[in-house]
$ cat my_file_3.cif   # mmCIF, C-alpha atoms
data_model
#
loop_
_atom_site.label_atom_id
_atom_site.label_comp_id
_atom_site.auth_asym_id
_atom_site.auth_seq_id
_atom_site.Cartn_x
_atom_site.Cartn_y
_atom_site.Cartn_z
CA MET C 1 -44.71 -6.62 8.03
CA THR C 2 -41.80 -4.19 8.07
CA VAL C 3 -38.26 -5.43 7.54
CA ASN C 4 -35.46 -3.44 9.13
CA TRP C 5 -32.36 -3.64 6.97
CA PHE C 6 -29.10 -2.87 8.67
CA MET C 7 -25.39 -3.39 8.15
CA PRO C 8 -23.35 -5.50 10.56
CA PRO C 9 -21.63 -3.27 13.15
CA SER C 10 -18.13 -3.88 11.76
CA ILE C 11 -19.18 -2.74 8.28
CA ASN C 12 -20.90 0.34 9.65
CA VAL C 13 -17.82 1.23 11.74
CA LYS C 14 -15.56 0.72 8.74
CA ASN C 15 -17.68 2.90 6.46
CA LYS C 16 -17.87 5.77 8.94
CA LEU C 17 -14.15 5.53 9.63
CA ARG C 18 -13.33 5.35 5.92
CA ILE C 19 -15.29 8.53 5.17
CA SER C 20 -13.71 10.39 8.10
CA LEU C 21 -10.14 9.38 7.23
CA ILE C 22 -10.52 10.13 3.52
CA GLU C 23 -11.88 13.60 4.34
CA ARG C 24 -8.98 14.24 6.69
CA ARG C 25 -6.44 13.11 4.10
CA GLN C 26 -8.04 15.24 1.40
CA ALA C 27 -7.75 18.29 3.70
CA LEU C 28 -3.95 18.01 3.87
CA SER C 29 -2.04 20.81 2.17
CA PRO C 30 0.46 20.04 -0.61
CA ASP C 31 3.29 21.01 1.77
CA GLU C 32 2.02 18.59 4.42
CA VAL C 33 1.84 15.77 1.87
CA ILE C 34 5.40 16.48 0.67
CA ASP C 35 6.83 16.75 4.18
CA CYS C 36 5.16 13.57 5.45
CA SER C 37 5.96 11.67 2.23
CA ASN C 38 9.67 12.53 2.53
CA LYS C 39 9.78 11.22 6.10
CA VAL C 40 7.83 8.05 5.27
CA ASN C 41 10.01 7.37 2.23
CA GLU C 42 13.15 7.66 4.37
CA PHE C 43 11.82 5.31 7.06
CA CYS C 44 10.75 2.77 4.46
CA PHE C 45 14.05 2.89 2.55
CA ASN C 46 16.05 2.48 5.78
CA PHE C 47 13.99 -0.65 6.43
CA LEU C 48 14.77 -1.94 2.93
CA GLU C 49 18.49 -1.33 3.49
CA LEU C 50 18.38 -3.80 6.38
CA ASN C 51 16.49 -6.48 4.47
CA HIS C 52 17.02 -8.49 1.31
CA HIS C 53 13.99 -7.78 -0.83
CA LYS C 54 14.61 -7.75 -4.57
CA ASN C 55 11.29 -7.81 -6.46
CA ILE C 56 8.84 -5.18 -5.28
CA LEU C 57 5.23 -4.40 -6.18
CA THR C 58 4.24 -0.84 -5.24
CA TYR C 59 2.02 2.09 -6.26
CA LEU C 60 2.07 5.68 -7.50
CA GLN C 61 0.27 8.26 -5.36
CA ILE C 62 -3.22 9.60 -5.99
CA ASN C 63 -5.60 11.64 -3.80
CA ASN C 64 -3.00 12.79 -1.23
CA GLU C 65 -1.66 9.29 -0.56
CA ILE C 66 1.96 9.10 0.54
CA ASN C 67 4.01 9.95 -2.54
CA THR C 68 6.35 7.07 -3.47
CA GLU C 69 8.34 8.71 -6.27
CA LYS C 70 11.51 9.36 -4.21
CA LEU C 71 11.27 5.88 -2.71
CA ILE C 72 11.02 4.36 -6.19
CA VAL C 73 14.08 6.32 -7.35
CA SER C 74 16.06 5.13 -4.31
CA MET C 75 15.01 1.52 -4.86
CA LEU C 76 15.97 1.66 -8.54
CA LYS C 77 19.40 3.06 -7.63
CA LYS C 78 19.82 0.11 -5.28
CA GLY C 79 19.16 -2.24 -8.21
CA LEU C 80 15.76 -3.50 -7.07
CA ASN C 81 13.10 -4.61 -9.56
CA ILE C 82 10.07 -2.33 -9.24
CA PHE C 83 6.58 -2.96 -10.61
CA LEU C 84 3.20 -1.24 -10.37
CA ALA C 85 -0.07 -3.16 -10.12
CA LYS C 86 -2.70 -2.55 -12.78
CA GLN C 87 -6.22 -2.40 -11.40
CA GLU C 88 -7.34 -5.59 -13.12
CA VAL C 89 -6.84 -9.19 -12.09
CA GLY C 90 -6.82 -12.19 -14.43
CA ASN C 91 -7.16 -14.61 -11.52
CA VAL C 92 -6.14 -14.73 -7.87
CA ASN C 93 -2.64 -15.94 -8.70
CA GLN C 94 -1.69 -13.41 -11.36
CA VAL C 95 -1.28 -9.67 -11.36
CA PHE C 96 -1.10 -7.47 -14.44
CA ILE C 97 1.74 -5.06 -13.83
CA LYS C 98 3.90 -2.42 -15.43
CA LYS C 99 7.65 -2.37 -14.90
CA VAL C 100 9.38 0.77 -13.66
CA LYS C 101 12.87 1.47 -14.99
CA LYS C 102 15.53 4.13 -14.66
CA ASP C 103 15.36 7.19 -16.87
CA ASN C 104 18.64 9.04 -17.21
CA SER C 105 17.12 12.09 -18.89
CA GLU C 106 17.05 15.34 -16.98
CA ALA C 107 13.26 15.40 -16.89
CA LYS C 108 12.63 12.24 -14.83
CA SER C 109 14.44 9.68 -12.74
CA PHE C 110 12.20 6.80 -13.76
CA VAL C 111 9.67 5.83 -16.39
CA VAL C 112 6.79 3.38 -16.34
CA GLU C 113 6.77 1.00 -19.29
CA ASN C 114 3.62 0.88 -21.42
CA THR C 115 3.67 -2.91 -21.68
CA HIS C 116 1.62 -4.91 -19.18
CA TYR C 117 2.94 -8.23 -17.92
CA ALA C 118 0.91 -11.05 -16.40
CA MET C 119 3.02 -12.41 -13.57
CA SER C 120 2.57 -14.74 -10.66
CA LEU C 121 2.62 -13.13 -7.25
CA ASN C 122 5.26 -15.72 -6.34
CA TYR C 123 7.75 -13.49 -8.17
CA PHE C 124 7.45 -10.71 -5.58
CA ASP C 125 8.94 -10.73 -2.10
CA LEU C 126 7.68 -7.31 -1.00
CA VAL C 127 4.45 -5.38 -1.57
CA ILE C 128 4.14 -1.69 -0.62
CA LEU C 129 0.57 -0.39 -0.47
CA PRO C 130 -1.32 2.84 0.20
CA LEU C 131 -4.06 2.81 2.80
CA VAL C 132 -7.06 4.69 4.12
CA GLY C 133 -6.63 3.37 7.66
CA VAL C 134 -5.12 0.63 9.80
CA ASP C 135 -6.72 -0.99 12.83
CA SER C 136 -4.95 -1.74 16.11
CA LYS C 137 -3.91 -5.21 14.90
CA GLY C 138 -2.51 -4.10 11.55
CA TYR C 139 -5.47 -4.79 9.28
CA ARG C 140 -5.81 -2.52 6.26
CA LEU C 141 -8.76 -0.26 5.54
CA GLY C 142 -8.92 0.66 1.86
CA PHE C 143 -11.51 2.29 -0.38
CA GLY C 144 -13.91 -0.63 0.07
CA ASN C 145 -13.52 -2.32 -3.31
CA GLY C 146 -11.47 -5.22 -1.92
CA TYR C 147 -8.99 -5.12 -4.82
CA PHE C 148 -5.82 -5.66 -2.78
CA ASP C 149 -7.59 -7.99 -0.33
CA LYS C 150 -8.45 -10.33 -3.19
CA LEU C 151 -5.20 -9.89 -5.05
CA LEU C 152 -2.94 -10.60 -2.08
CA CYS C 153 -5.00 -13.11 -0.08
CA ASN C 154 -2.51 -15.90 -0.88
CA PHE C 155 0.60 -13.76 -1.25
CA LYS C 156 2.47 -14.88 1.83
CA ASN C 157 1.41 -18.55 2.05
CA ASN C 158 3.24 -18.88 5.38
CA ASN C 159 6.47 -17.60 3.82
CA PRO C 160 8.05 -15.27 6.42
CA LYS C 161 10.36 -13.74 3.81
CA LYS C 162 7.41 -12.19 1.98
CA THR C 163 6.42 -8.82 3.43
CA ILE C 164 3.49 -6.42 3.10
CA ILE C 165 4.17 -2.80 4.03
CA GLY C 166 1.69 0.07 4.29
CA LEU C 167 2.53 3.75 3.84
CA GLY C 168 0.31 6.34 5.45
CA TYR C 169 -0.10 9.21 7.90
CA ALA C 170 -0.01 8.87 11.68
CA PHE C 171 -3.69 9.84 11.96
CA GLN C 172 -4.58 6.79 9.84
CA LEU C 173 -3.41 4.42 12.61
CA THR C 174 -6.58 3.84 14.60
CA SER C 175 -7.48 2.16 17.87
CA GLU C 176 -10.44 0.46 16.17
CA ASN C 177 -10.73 -3.30 15.59
CA PHE C 178 -12.65 -3.61 12.34
CA ALA C 179 -11.03 -6.60 10.62
CA GLU C 180 -13.15 -9.03 8.66
CA ASN C 181 -11.98 -12.44 7.43
CA HIS C 182 -10.99 -11.12 4.00
CA ASP C 183 -9.04 -8.05 5.21
CA LEU C 184 -5.35 -7.78 4.43
CA LYS C 185 -2.89 -7.53 7.33
CA PHE C 186 0.28 -5.46 7.18
CA ASP C 187 3.60 -6.60 8.60
CA THR C 188 4.70 -2.99 9.03
CA VAL C 189 3.18 0.43 8.47
CA PHE C 190 5.37 3.50 8.07
CA THR C 191 4.08 6.99 8.87
CA GLU C 192 5.85 10.30 9.33
CA LEU C 193 6.43 9.27 12.97
CA GLY C 194 8.19 5.99 12.17
CA GLY C 195 7.35 2.33 11.81
CA GLN C 196 4.62 0.31 13.50
CA HIS C 197 5.18 -3.47 13.35
CA PHE C 198 2.33 -5.98 13.67
#
$ encode --input "my_file_3.cif" --output "structure tokens"
Amino acid sequence: MTVNWFMPPSINVKNKLRISLIERRQALSPDEVIDCSNKVNEFCFNFLELNHHKNILTYLQINNEINTEKLIVSMLKKGLNIFLAKQEVGNVNQVFIKKVKKDNSEAKSFVVENTHYAMSLNYFDLVILPLVGVDSKGYRLGFGNGYFDKLLCNFKNNNPKKTIIGLGYAFQLTSENFAENHDLKFDTVFTELGGQHF
């Protein structure tokens, strides 16, 4: 008897979409990444100016993601507390992070501390994430490892003051509906064309 193994349609759609969007992002020129990143950073910071977030978990760019360095500098100047997630989790309620602080030397505007802290996610009121794609309802498509899905599954706990923002390119906003139960949903995604609220 032959057994036909297949993936559920939503997983197959997600995998094909993930590959396509990663290839498209990798094809961007350095100038395109810089130009789009500057616009996204400005939109995101304008949003922060209108809100009262204080403790922020964010990322540093890899693989042509939206570059957050200018955004981090602007947030530090505003007096916000900025942290970066380390890609390890002690349990679902703690994140191992590094603090970002101002650097007044001429070489850099900020430095990332070497020390890792284990902190409760309750400390943060805003999370800013990279993405591979976003579906029509605001659900995040990442690299497929589920790191942020697991880490942030209980982040909001029905607290409307806690916010999850995605930073990406306009082509990463899709008309697909691929969400699974574990997928993370954004409140807002900023691209070079502006903000999309969900």
$ closest_residue --input "my_file_3.cif" --among "C:Leu57, C:Leu152, C:Cys36, C:Leu50" --to "C:Asn81" --atoms "all atoms listed in the file"
C:Leu57
$ atom_distance --input "my_file_3.cif" --atom1 "atom CA of C:Leu126" --atom2 "atom CA of C:Lys14"
26.4 Å
$ closest_residue --input "my_file_3.cif" --among "C:Lys185, C:Lys77, C:Lys102, C:Lys70" --to "C:Gly166" --atoms "all atoms listed in the file"
C:Lys185
$ resolve_selection --input "my_file_3.cif" --expression "the PyMOL selection byres ((chain C and resi 175) around 8)" --output "list in words"
Asp135, Ser136, Leu173, Thr174, Glu176 and Asn177 of chain C
$ atom_distance --input "my_file_3.cif" --atom1 "atom CA of C:Asn122" --atom2 "atom CA of C:Glu42"
26.9 Å
$ atom_distance --input "my_file_3.cif" --atom1 "atom CA of C:Lys54" --atom2 "atom CA of C:Leu80"
5.1 Å
$ closest_residue --input "my_file_3.cif" --among "C:Asn114, C:Ser74, C:Ser20, C:Gln196" --to "C:Asn46" --atoms "all atoms listed in the file"
C:Ser74
$ resolve_selection --input "my_file_3.cif" --expression "the PyMOL selection byres ((chain C and resi 142) around 8)" --output "MDAnalysis selection string"
chainID C and resid 18 131:133 140:141 143:146
$ resolve_selection --input "my_file_3.cif" --expression "the PyMOL selection byres ((chain C and resi 83) around 9)" --output "PyMOL selection string"
chain C and resi 55-59+81-82+84-85+97-101+112
